[in-house]
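Text of target-v3.txt, listed as compact mmCIF, C-alpha atoms:
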```txt
# COMPACT_ATOMS: atom_id res chain seq x y z
CA MET A 4 -66.73 139.59 120.41
CA GLN A 5 -63.82 137.96 118.58
CA ASN A 6 -64.13 136.42 115.14
CA CYS A 7 -63.13 132.82 114.58
CA ALA A 8 -61.69 130.86 111.65
CA ARG A 9 -60.65 127.22 111.49
CA PHE A 10 -57.45 125.96 109.86
CA LYS A 11 -56.81 122.43 108.63
CA PHE A 12 -53.19 121.53 107.83
CA PHE A 13 -52.07 118.77 105.49
CA GLY A 14 -48.93 116.74 104.85
CA ARG A 15 -45.76 117.69 106.69
CA LEU A 16 -47.46 120.82 108.05
CA GLN A 17 -49.32 118.61 110.52
CA GLN A 18 -46.02 118.02 112.33
CA MET A 19 -45.55 121.76 112.86
CA VAL A 20 -48.81 122.44 114.66
CA ALA A 21 -50.41 121.07 117.82
CA ALA A 22 -53.33 119.54 115.89
CA THR A 23 -54.38 119.15 112.28
CA ASP A 24 -57.55 121.18 112.80
CA LEU A 25 -57.05 124.45 114.71
CA GLU A 26 -59.24 127.33 115.79
CA TYR A 27 -57.91 130.87 115.31
CA ARG A 28 -59.58 133.82 117.01
CA PHE A 29 -58.99 137.34 115.77
CA ASN A 30 -60.14 140.93 115.67
CA GLY A 31 -60.37 143.01 112.53
CA ARG A 32 -59.33 141.54 109.16
CA PRO A 33 -55.84 140.03 109.46
CA ALA A 34 -54.09 138.56 106.41
CA VAL A 35 -54.31 134.78 106.29
CA LYS A 36 -50.49 134.67 106.13
CA ASP A 37 -50.24 136.28 109.58
CA ALA A 38 -52.68 133.76 111.03
CA ILE A 39 -50.81 130.77 109.58
CA GLU A 40 -47.50 131.96 111.01
CA ALA A 41 -49.11 132.70 114.38
CA LEU A 42 -50.19 129.06 114.43
CA GLY A 43 -46.57 127.98 113.90
CA VAL A 44 -46.14 127.41 110.16
CA PRO A 45 -43.69 129.62 108.20
CA HIS A 46 -45.09 130.99 104.96
CA THR A 47 -42.25 129.36 103.00
CA GLU A 48 -43.79 125.96 103.82
CA VAL A 49 -47.17 126.75 102.26
CA ASP A 50 -47.93 126.08 98.60
CA LEU A 51 -51.73 126.29 98.43
CA LEU A 52 -54.53 127.88 100.46
CA LEU A 53 -58.17 126.97 99.94
CA ILE A 54 -61.16 128.73 101.47
CA ALA A 55 -64.52 127.24 100.49
CA GLN A 56 -62.61 125.32 97.79
CA ARG A 57 -61.38 128.62 96.33
CA SER A 58 -57.66 129.23 95.96
CA VAL A 59 -56.45 132.43 97.68
CA THR A 60 -53.16 134.27 98.21
CA PHE A 61 -51.41 135.16 101.46
CA ALA A 62 -52.98 138.63 101.26
CA TYR A 63 -56.52 137.27 101.72
CA GLN A 64 -58.17 138.91 104.74
CA LEU A 65 -59.79 136.48 107.13
CA GLN A 66 -63.49 136.64 107.79
CA ASP A 67 -65.50 135.21 110.63
CA GLY A 68 -66.39 131.58 109.97
CA ASP A 69 -63.70 130.94 107.33
CA ARG A 70 -62.44 127.39 107.02
CA VAL A 71 -58.92 127.40 105.62
CA ALA A 72 -57.16 124.36 104.13
CA VAL A 73 -53.36 124.73 104.13
CA TYR A 74 -51.19 122.51 101.91
CA PRO A 75 -47.40 122.16 101.64
CA PHE A 76 -45.41 121.77 98.44
CA GLY A 77 -45.93 118.34 96.91
CA CYS A 78 -49.17 117.62 98.77
CA THR A 79 -51.71 119.73 96.93
CA PRO A 80 -54.98 118.51 95.38
CA GLY A 81 -55.15 118.74 91.61
CA LEU A 82 -57.19 121.83 90.79
CA MET A 83 -57.80 123.37 87.39
CA GLU A 84 -57.53 126.92 88.69
CA ALA A 85 -55.17 127.27 91.62
CA ILE A 86 -52.77 129.91 92.91
CA TYR A 87 -49.60 128.09 93.91
CA LEU A 88 -47.63 130.10 96.43
CA SER A 89 -44.21 128.43 96.33
CA PRO A 90 -41.84 130.49 94.15
CA PRO A 91 -40.05 128.75 91.27
CA THR A 92 -36.90 126.96 92.37
CA PRO A 93 -33.76 128.81 91.14
CA GLU A 94 -32.25 127.24 88.03
CA LEU A 95 -28.86 127.08 89.73
CA ILE A 96 -29.59 125.68 93.17
CA ALA A 97 -27.43 126.84 96.06
CA PHE A 98 -28.14 126.67 99.78
CA ILE A 99 -27.28 128.56 102.92
CA LEU A 100 -27.64 126.63 106.18
CA ASP A 101 -28.03 127.76 109.76
CA VAL A 102 -25.85 126.86 112.73
CA HIS A 103 -27.83 123.67 113.48
CA LEU A 104 -27.10 122.05 110.12
CA GLY A 105 -23.33 121.73 109.80
CA LYS A 106 -23.48 117.97 109.20
CA LEU A 107 -26.13 118.45 106.53
CA ALA A 108 -23.97 121.07 104.79
CA ARG A 109 -21.07 118.63 104.67
CA ARG A 110 -23.24 115.82 103.29
CA LEU A 111 -24.80 117.98 100.60
CA ARG A 112 -21.36 119.21 99.56
CA MET A 113 -20.30 115.57 99.23
CA LEU A 114 -23.13 115.20 96.73
CA GLY A 115 -21.86 118.20 94.77
CA PHE A 116 -24.23 120.94 95.95
CA ASP A 117 -23.20 124.52 96.69
CA CYS A 118 -23.74 125.01 100.45
CA ARG A 119 -22.76 128.16 102.32
CA TYR A 120 -22.27 127.41 106.00
CA ARG A 121 -20.51 128.87 109.00
CA ASN A 122 -21.34 128.20 112.61
CA ASP A 123 -21.27 131.92 113.40
CA TYR A 124 -23.73 133.21 110.79
CA SER A 125 -26.43 135.32 112.43
CA ASP A 126 -30.04 135.12 111.22
CA SER A 127 -29.70 138.56 109.62
CA GLN A 128 -26.55 137.48 107.76
CA ILE A 129 -28.25 134.34 106.48
CA ILE A 130 -31.24 136.32 105.21
CA GLU A 131 -29.07 139.03 103.63
CA MET A 132 -26.89 136.50 101.80
CA ALA A 133 -29.92 134.48 100.68
CA LEU A 134 -31.54 137.54 99.14
CA ARG A 135 -28.35 138.89 97.59
CA GLU A 136 -27.14 135.61 96.07
CA ASP A 137 -30.48 133.86 95.41
CA LEU A 138 -29.79 131.12 97.97
CA ILE A 139 -32.30 128.71 99.48
CA ILE A 140 -32.30 128.83 103.28
CA LEU A 141 -32.19 125.45 105.04
CA THR A 142 -32.93 125.74 108.73
CA ARG A 143 -34.34 124.13 111.85
CA ASP A 144 -35.43 127.57 113.10
CA ARG A 145 -38.93 128.63 112.05
CA GLY A 146 -38.23 132.22 113.02
CA ILE A 147 -35.82 132.79 110.12
CA LEU A 148 -38.42 131.66 107.60
CA LYS A 149 -41.14 133.89 109.04
CA HIS A 150 -39.36 137.07 107.94
CA ALA A 151 -41.54 138.69 105.29
CA CYS A 152 -38.63 139.17 102.86
CA VAL A 153 -37.72 135.47 102.81
CA THR A 154 -39.17 133.61 99.83
CA GLN A 155 -36.88 130.59 99.33
CA GLY A 156 -36.54 128.40 102.39
CA TYR A 157 -37.18 124.95 103.81
CA LEU A 158 -37.74 123.93 107.42
CA VAL A 159 -35.77 120.72 107.93
CA GLY A 160 -37.88 118.31 109.95
CA SER A 161 -35.60 115.44 110.97
CA GLN A 162 -32.73 115.59 113.43
CA ASN A 163 -31.00 112.69 111.65
CA VAL A 164 -28.56 113.87 108.98
CA ILE A 165 -29.28 110.98 106.57
CA GLU A 166 -33.00 111.75 106.73
CA GLN A 167 -32.25 115.45 106.37
CA VAL A 168 -30.39 114.80 103.12
CA GLU A 169 -33.30 112.76 101.80
CA GLU A 170 -35.75 115.54 102.74
CA VAL A 171 -33.79 118.14 100.77
CA LEU A 172 -33.26 115.87 97.76
CA GLN A 173 -36.98 115.14 97.59
CA ARG A 174 -38.13 118.72 98.14
CA TYR A 175 -35.95 120.14 95.37
CA ASN A 176 -35.91 117.09 93.06
CA LEU A 177 -32.12 116.81 93.17
CA LEU A 178 -31.44 113.10 92.70
CA ARG A 179 -30.37 113.53 89.09
CA LYS A 180 -28.15 116.46 89.97
CA ILE A 181 -25.89 114.56 92.39
CA ARG A 182 -22.23 114.97 91.40
CA PRO A 183 -19.83 113.32 93.90
CA LEU A 184 -16.26 114.62 94.09
CA ARG A 185 -17.33 118.04 92.83
CA ARG A 186 -17.13 120.11 96.04
CA CYS A 187 -14.98 120.08 99.13
CA PRO A 188 -17.00 118.91 102.16
CA HIS A 189 -14.88 121.11 104.42
CA CYS A 190 -14.98 124.50 102.70
CA ASN A 191 -17.38 124.18 99.73
CA GLY A 192 -14.60 124.91 97.19
CA LEU A 193 -14.68 123.23 93.80
CA LEU A 194 -12.59 120.10 93.31
CA GLU A 195 -10.43 119.49 90.29
CA ALA A 196 -8.36 116.53 89.14
CA ILE A 197 -4.63 116.85 89.80
CA ASP A 198 -1.64 114.92 88.51
CA LYS A 199 -0.34 112.54 91.14
CA ASP A 200 3.23 113.63 90.53
CA LEU A 201 2.38 117.16 91.69
CA ILE A 202 1.18 116.05 95.14
CA VAL A 203 2.97 112.75 95.75
CA ASN A 204 5.05 114.34 98.51
CA ARG A 205 1.82 115.01 100.43
CA LEU A 206 0.58 111.42 100.29
CA PRO A 207 1.03 108.62 102.83
CA PRO A 208 3.29 105.92 101.31
CA LYS A 209 0.55 103.30 101.00
CA THR A 210 -1.82 105.80 99.41
CA ALA A 211 0.88 106.76 96.88
CA SER A 212 1.34 103.08 96.05
CA TYR A 213 -2.29 102.01 95.75
CA TYR A 214 -4.07 104.99 94.16
CA GLN A 215 -3.53 106.89 90.94
CA LYS A 216 -6.39 109.39 90.65
CA PHE A 217 -6.64 112.41 92.94
CA HIS A 218 -8.64 115.62 93.32
CA ILE A 219 -7.69 118.83 95.07
CA CYS A 220 -9.83 121.64 96.45
CA GLY A 221 -9.15 124.88 94.62
CA ASP A 222 -9.69 126.85 97.83
CA CYS A 223 -8.24 124.95 100.80
CA GLU A 224 -6.06 122.48 98.81
CA GLN A 225 -7.42 119.44 100.66
CA LEU A 226 -6.71 116.24 98.73
CA TYR A 227 -9.28 113.56 97.90
CA TRP A 228 -9.12 110.07 96.43
CA LYS A 229 -11.36 107.01 96.28
CA GLY A 230 -9.90 105.21 99.27
CA ALA A 231 -11.50 102.85 101.77
CA HIS A 232 -13.70 105.67 103.06
CA TYR A 233 -15.15 106.13 99.58
CA ARG A 234 -16.71 102.64 99.66
CA LYS A 235 -18.95 103.83 102.49
CA ILE A 236 -19.85 106.93 100.47
CA ALA A 237 -20.60 104.79 97.40
CA ALA A 238 -22.89 102.55 99.46
CA TRP A 239 -24.70 105.62 100.78
CA LEU A 240 -25.07 106.99 97.24
CA GLU A 241 -26.56 103.68 96.15
CA CYS A 242 -29.14 103.94 98.94
CA LEU A 243 -30.03 107.46 97.84
CA LYS A 244 -31.08 106.15 94.42
CA GLY A 245 -34.14 104.68 96.13
CA VAL A 246 -35.23 108.09 97.43
CA GLY A 247 -38.04 109.76 95.57
```
As structure tokens, how would this structure be written, given the file I've shared?
Amino acid sequence: MQNCARFKFFGRLQQMVAATDLEYRFNGRPAVKDAIEALGVPHTEVDLLLIAQRSVTFAYQLQDGDRVAVYPFGCTPGLMEAIYLSPPTPELIAFILDVHLGKLARRLRMLGFDCRYRNDYSDSQIIEMALREDLIILTRDRGILKHACVTQGYLVGSQNVIEQVEEVLQRYNLLRKIRPLRRCPHCNGLLEAIDKDLIVNRLPPKTASYYQKFHICGDCEQLYWKGAHYRKIAAWLECLKGVG
């Protein structure tokens, strides 16, 4: 006869499973981590596990009749003695994004964040680079985050790029770290100010007449200035100040 445990998911984890309260049947003594991922939630999304109000790690072996409460980062009850499972966020935050998140990569670069992205990265390449360079994986694919070696990752919930940006800013507390005109949205290279006289031959006549301050990407040499398009960016940045 199979054993049975019940799992209750909280916060954003409720969107990842069919119901907030789920039954899990098993043989033997599986690790609670394996059960959570079998139910559809990557381990990178879990910050706290409670069984009979006792905090446990992913290595806890399930027992018949267990009732497991599963909490995401930012939605945990205040406990005096708790084992929080989310690893510390790297001091220097940098991301690597999967093929589904090209628009998000561009937007985050516009805000000044280091984002590695190519539309031909394989899952194995993403994981290898993340581990080697201490990058946070942003993905819409749960499978990438279920790899045992992955520790830093976030499953992006929304399909709307504006909401995706807000999700990432909130999760990693990045509002105060926004630095517009720091990175190239196209290639992720660093931008630097450049004397107008050095690039005037590359500018449209009206742009050369109306604008005096310019930036250039150190990698792809794309030019940037605060033209009409920047007013839309400034309005978006103003909206982001209300996120949090």
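Coordinates place CA of Phe217 in chain A at a distance of 28.4 Å from CA of Leu104 in chain A.
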Can you write out as a tab-separated table which residues of range 109-149 of chain A fall within 10 Å of range 75-95 of chain A, alongside each residue's closest atom pair and its distance in Å to one decimal, counting only C-alpha atoms and ordering rows by chain and ascending residue number?
```
residue	atom	partner	partner_atom	distance
A:Phe116	CA	A:Leu95	CA	9.9
A:Asp117	CA	A:Leu95	CA	9.3
A:Asp137	CA	A:Pro93	CA	7.4
A:Leu138	CA	A:Pro93	CA	8.2
A:Ile139	CA	A:Pro93	CA	8.5
```
(message) I'd like the neighbourhood of Val153 in chain A as a list in words, where a residue qualifies if any of its atoms comes within 9 Å (using all atoms listed in the file), though same-chain residues fewer than 6 positions away should be ignored.
(response) His46, Thr47, Ile130, Ala133, Leu134, Ile140 and Ile147 of chain A
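Straight-line separation from CA of Tyr214 in chain A to CA of Asp198 in chain A: 11.7 Å.
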(request) Could you tell me how far CA of Arg186 in chain A lies from CA of Asn163 in chain A, in Å and to one decimal? (result) 22.2 Å
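Proximity to Leu158 in chain A was assessed for A:Pro33, A:Gly221, A:Gly14, A:Pro45 counting only C-alpha atoms; the smallest distance is recorded for A:Pro45.
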(message) For a quick check of understanding, using all atoms listed in the file, which of A:Glu169, A:Glu48, A:Glu224, A:Asp69 has the smallest distance to Lys11 in chain A?
(response)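 Ranking A:Glu169, A:Glu48, A:Glu224, A:Asp69 by distance to Lys11 in chain A, first place goes to A:Asp69.
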(request) Could you tell me which of A:Arg110, A:Lys36, A:Lys229, A:Arg135 comes closest to Phe61 in chain A if we count all atoms listed in the file? (result)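 Closest to Phe61 in chain A, using all atoms listed in the file: A:Lys36.
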(message) Restricting the calculation to only C-alpha atoms: of A:Phe29, A:Tyr74, A:Tyr124, A:Tyr227, which residue gets closest to Ser58 in chain A?
(response)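 So, comparing all the options, the nearest one is A:Tyr74.
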(request) Please provide as JSON, numbers by chain all residues within 10 Å of Asn191 in chain A, with the sequence filter that same-chain residues fewer than 5 positions apart are discarded (counting all atoms listed in the file). (result) {"A": [108, 109, 111, 112, 113, 115, 116, 117, 118, 119, 120, 185, 186, 220, 221, 222, 223]}
(message) From the options A:Arg28, A:Lys235, A:Arg121, A:Arg174, which residue's atoms come nearest to Leu42 in chain A, counting all atoms listed in the file?
(response)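 Counting all atoms listed in the file, the residue closest to Leu42 in chain A is A:Arg28.
Closest approach to Gln155 in chain A among A:Gln64, A:Gln167, A:Thr142, A:Gln56: A:Thr142, based on all atoms listed in the file.
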Any chance you could work out the axis-aligned box around range 225-232 of chain A, listed atoms only, 3 Å on each side, giving centre and edge lengths in Å to one decimal, as AutoDock Vina command-line options?
```
--center_x -10.2 --center_y 111.1 --center_z 99.7 --size_x 13.0 --size_y 22.6 --size_z 12.8
```
Please produce range 176-188 of chain A, completed to N, CA and C atoms, as a compact mmCIF listing (two decimals), keeping the file's coordinate frame.
```txt
# COMPACT_ATOMS: atom_id res chain seq x y z
N ASN A 176 -36.04 117.99 94.21
CA ASN A 176 -35.91 117.09 93.06
C ASN A 176 -34.46 117.05 92.55
N LEU A 177 -33.55 116.68 93.45
CA LEU A 177 -32.12 116.81 93.17
C LEU A 177 -31.41 115.49 92.86
N LEU A 178 -32.11 114.38 92.87
CA LEU A 178 -31.44 113.10 92.70
C LEU A 178 -30.59 113.04 91.43
N ARG A 179 -31.10 113.59 90.35
CA ARG A 179 -30.37 113.53 89.09
C ARG A 179 -29.26 114.57 88.99
N LYS A 180 -29.18 115.42 90.00
CA LYS A 180 -28.15 116.46 89.97
C LYS A 180 -26.99 116.14 90.92
N ILE A 181 -26.99 114.96 91.51
CA ILE A 181 -25.89 114.56 92.39
C ILE A 181 -24.61 114.40 91.59
N ARG A 182 -23.53 115.05 92.05
CA ARG A 182 -22.23 114.97 91.40
C ARG A 182 -21.14 114.79 92.47
N PRO A 183 -20.86 113.56 92.88
CA PRO A 183 -19.83 113.32 93.90
C PRO A 183 -18.46 113.82 93.41
N LEU A 184 -17.60 114.13 94.37
CA LEU A 184 -16.26 114.62 94.09
C LEU A 184 -16.29 115.88 93.22
N ARG A 185 -17.26 116.75 93.52
CA ARG A 185 -17.33 118.04 92.83
C ARG A 185 -17.01 119.19 93.77
N ARG A 186 -17.37 119.05 95.07
CA ARG A 186 -17.13 120.11 96.04
C ARG A 186 -16.43 119.57 97.28
N CYS A 187 -15.70 120.44 97.90
CA CYS A 187 -14.98 120.08 99.13
C CYS A 187 -15.97 120.07 100.30
N PRO A 188 -16.08 118.96 101.01
CA PRO A 188 -17.00 118.91 102.16
C PRO A 188 -16.62 119.89 103.26
```
